[in-house]
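Quick look at run_5.cif (mmCIF, C-alpha atoms and all ligand atoms):
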```cif
data_final
loop_
_atom_site.label_atom_id
_atom_site.label_comp_id
_atom_site.auth_asym_id
_atom_site.auth_seq_id
_atom_site.Cartn_x
_atom_site.Cartn_y
_atom_site.Cartn_z
CA MET A 1 136.75 78.58 77.04
CA GLU A 2 137.68 82.21 76.39
CA ARG A 3 134.16 82.97 75.23
CA GLN A 4 132.70 81.35 78.30
CA ASN A 5 134.89 83.56 80.49
CA ALA A 6 133.74 86.66 78.66
CA VAL A 7 130.09 85.71 79.17
CA LEU A 8 130.75 84.92 82.81
CA SER A 9 132.48 88.25 83.54
CA GLY A 10 129.74 90.10 81.66
CA THR A 11 127.15 88.43 83.88
CA LEU A 12 129.15 89.30 87.00
CA ILE A 13 129.29 92.97 85.99
CA LEU A 14 125.51 93.02 85.46
CA VAL A 15 124.90 91.40 88.84
CA ALA A 16 127.22 93.91 90.53
CA LEU A 17 125.41 96.83 88.85
CA ALA A 18 122.03 95.48 89.91
CA VAL A 19 123.22 95.20 93.52
CA ILE A 20 124.58 98.78 93.48
CA ILE A 21 121.37 100.20 91.97
CA ALA A 22 119.18 98.27 94.42
CA GLY A 23 121.31 99.60 97.28
CA CYS A 24 120.87 103.21 96.14
CA VAL A 25 117.11 102.93 95.72
CA GLN A 26 116.73 101.28 99.10
CA SER A 27 118.86 103.79 101.02
CA SER A 28 117.09 106.82 99.54
CA THR A 29 113.64 105.49 100.36
CA LYS A 30 114.74 104.39 103.82
CA ILE A 31 115.86 107.88 104.89
CA LEU A 32 112.85 109.90 103.75
CA PRO A 33 109.55 109.79 105.62
CA PRO A 34 106.39 110.13 103.45
CA TYR A 35 105.92 113.85 104.28
CA VAL A 36 109.39 114.79 102.98
CA LYS A 37 110.40 115.26 99.34
CA MET A 38 113.96 116.02 98.33
CA VAL A 39 114.01 118.94 95.85
CA ASP A 40 117.45 120.21 94.72
CA GLY A 41 119.02 119.20 98.03
CA VAL A 42 116.22 120.76 100.12
CA GLN A 43 113.99 118.66 102.38
CA VAL A 44 110.51 119.92 101.50
CA VAL A 45 108.08 119.06 104.29
CA THR A 46 104.33 119.13 103.64
CA ILE A 47 102.02 119.53 106.63
CA ASN A 48 98.22 119.53 106.44
CA ALA A 49 96.30 121.77 108.83
CA LYS A 50 92.64 121.69 109.80
CA GLU A 51 90.43 122.19 112.88
CA PHE A 52 92.22 121.34 115.13
CA ALA A 53 95.25 119.29 114.20
CA PHE A 54 98.39 119.15 112.09
CA THR A 55 99.14 116.03 110.03
CA PRO A 56 101.77 114.79 110.60
CA SER A 57 102.27 116.17 114.09
CA SER A 58 105.56 114.38 114.69
CA ILE A 59 108.22 115.32 112.15
CA HIS A 60 111.73 113.88 111.81
CA LEU A 61 114.31 115.49 109.56
CA SER A 62 118.02 115.30 108.85
CA PRO A 63 120.24 118.32 109.55
CA GLY A 64 120.57 120.52 106.46
CA LYS A 65 118.38 122.57 104.16
CA ALA A 66 114.62 122.40 104.65
CA LYS A 67 111.42 124.21 103.76
CA PHE A 68 107.92 123.76 105.16
CA ILE A 69 104.66 123.91 103.22
CA VAL A 70 101.39 124.18 105.13
CA ILE A 71 98.21 123.17 103.30
CA ASN A 72 95.05 124.41 104.97
CA ASP A 73 92.35 121.75 104.56
CA GLY A 74 90.17 123.44 107.16
CA LYS A 75 87.41 126.03 107.13
CA VAL A 76 89.22 128.82 108.98
CA GLU A 77 92.65 130.44 108.82
CA HIS A 78 95.64 128.63 110.38
CA GLU A 79 99.35 129.28 110.84
CA LEU A 80 102.41 127.38 111.98
CA VAL A 81 105.10 128.74 114.29
CA ALA A 82 108.06 126.57 115.34
CA TYR A 83 110.50 127.23 118.19
CA GLU A 84 112.51 125.51 120.93
CA ALA A 85 110.20 124.08 123.59
CA SER A 86 111.84 126.29 126.25
CA LYS A 87 110.93 129.42 124.27
CA LYS A 88 107.17 128.91 124.12
CA GLU A 89 106.44 131.37 126.91
CA ILE A 90 108.63 134.09 125.36
CA VAL A 91 107.00 133.59 121.95
CA ASP A 92 103.46 133.52 123.42
CA LYS A 93 104.03 136.77 125.32
CA ALA A 94 105.58 138.47 122.30
CA GLU A 95 102.64 137.42 120.14
CA MET A 96 100.16 138.85 122.62
CA VAL A 97 101.72 142.29 122.23
CA GLU A 98 102.68 141.75 118.57
CA ASP A 99 106.37 142.22 119.33
CA GLU A 100 107.60 141.03 115.91
CA GLU A 101 111.27 141.56 116.73
CA THR A 102 111.19 139.23 119.76
CA ILE A 103 109.16 136.69 117.79
CA LYS A 104 111.62 136.63 114.88
CA LYS A 105 114.57 136.30 117.26
CA ASN A 106 113.11 133.32 119.11
CA ILE A 107 111.45 131.18 116.49
CA LEU A 108 112.90 128.57 114.16
CA PHE A 109 110.48 129.48 111.37
CA GLU A 110 106.87 130.37 110.70
CA VAL A 111 104.25 129.99 107.99
CA GLU A 112 101.90 132.90 108.57
CA GLU A 113 98.11 133.09 108.16
CA VAL A 114 97.15 130.46 105.62
CA LYS A 115 93.56 130.97 104.47
CA ALA A 116 91.14 128.02 104.21
CA GLY A 117 91.81 126.03 101.06
CA GLU A 118 95.15 127.73 100.44
CA SER A 119 98.77 126.91 101.22
CA GLY A 120 101.76 128.81 102.50
CA GLU A 121 105.45 128.10 102.85
CA SER A 122 108.45 129.00 104.96
CA ASP A 123 111.81 130.22 103.69
CA VAL A 124 114.46 127.62 102.95
CA MET A 125 116.60 127.30 106.08
CA ASP A 126 119.64 125.39 107.22
CA LEU A 127 118.58 123.24 110.16
CA LYS A 128 120.95 122.04 112.87
CA GLU A 129 120.34 119.08 115.15
CA GLY A 130 117.77 119.81 117.83
CA SER A 131 114.24 119.38 119.16
CA TYR A 132 111.52 121.89 118.47
CA VAL A 133 107.79 122.26 118.98
CA PHE A 134 105.33 123.95 116.68
CA GLY A 135 101.77 125.16 116.90
CA CYS A 136 99.03 127.29 115.43
CA HIS A 137 98.91 130.52 117.39
CA ILE A 138 95.49 131.69 116.27
CA LYS A 139 93.42 132.16 119.41
CA GLY A 140 92.38 128.87 120.97
CA HIS A 141 93.85 126.64 118.25
CA TYR A 142 97.00 125.54 120.08
CA ASP A 143 95.03 124.48 123.14
CA ALA A 144 92.49 122.69 120.94
CA GLY A 145 95.29 120.44 119.65
CA MET A 146 97.05 122.25 116.83
CA LYS A 147 100.60 121.42 117.87
CA GLY A 148 103.42 119.04 117.13
CA THR A 149 107.16 118.39 117.28
CA VAL A 150 110.08 118.67 114.87
CA THR A 151 113.13 116.56 115.63
CA ILE A 152 116.27 117.16 113.61
CA GLY A 153 118.83 114.43 113.98
CA LYS A 154 121.05 112.07 112.05
CU CU A 201 94.78 127.08 113.64
#
```

How does this structure look as structure tokens?
Ligand SMILES: [Cu+2]
Amino acid sequence: MERQNAVLSGTLILVALAVIIAGCVQSSTKILPPYVKMVDGVQVVTINAKEFAFTPSSIHLSPGKAKFIVINDGKVEHELVAYEASKKEIVDKAEMVEDEETIKKNILFEVEEVKAGESGESDVMDLKEGSYVFGCHIKGHYDAGMKGTVTIGK
């Protein structure tokens, strides 16, 4: 009888462990979309760029540390600039006159001038909840479709 109890409680512990492990695996895969990898607590987002689109173009992240990598699969240079939707006009004007100070003050982040076949990355930043847009600001590219959205929420 005692031995049976020992076997039974051993089995119960194993079942409990299996449930806990399954729960962990499931919750970590549920939170992360395919374009995000967690590296040392940083959400590393990989975006592919080509003429004339970003993939993915709709990005959802959790608040916290993040970094963006842009891979240029195209034949010409591309870049990625992200900012609040309401700031597009300010950023556009500043870019026309190459007013770097205004650009830096009004953008969320940028990955500058990535040559064809190469990749570039942003700094690691601490993102708060919010909605942003991004685009390639090389002449004509934004209007041709190189744009997208970044939503940071829980
Ligand atoms: Cu471009």

Counting all atoms listed in the file, what residues are within 10 Å of ligand CU 201 (chain A), given as a VMD selection string?
chain A and resid 49 to 54 72 74 to 80 113 to 114 135 to 147

Just checking: using all atoms listed in the file, which residue out of A:Thr149, A:Gly117, A:Tyr83, A:Lys104 ends up closest to Ile59 (chain A)?
A:Thr149

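Going from CA of Gln43 (chain A) to CA of Lys88 (chain A) covers 25.0 Å.
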
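Taking CA of Asp92 (chain A) and CA of Thr46 (chain A) as the two end points, the separation is 24.5 Å.
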
Taking all atoms of region 112-123 of chain A that appear in the file, build a box with edges along x, y and z, extend it by 8 Å on every side, and state its centre and edge lengths in Å to one decimal, as lines of an AutoDock Vina configuration file.
```
center_x = 101.5
center_y = 129.6
center_z = 104.5
size_x = 36.7
size_y = 23.1
size_z = 24.1
```

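What separates CA of Gly64 (chain A) from CA of Glu129 (chain A) is a distance of 8.8 Å.
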
With 9 Å as the threshold, what does the neighbourhood of (117.7, 119.9, 102.8) contain in terms of residues, counting all atoms listed in the file? Coordinates are those of the file; answer as a PyMOL selection string.
chain A and resi 38-44+61-67+124-127

Give me, as a PyMOL selection string, all polymer residues having an atom no more than 8 Å from Tyr35 (chain A), counting only C-alpha atoms and skipping those fewer than 6 positions away in the same chain.
chain A and resi 45-47+56
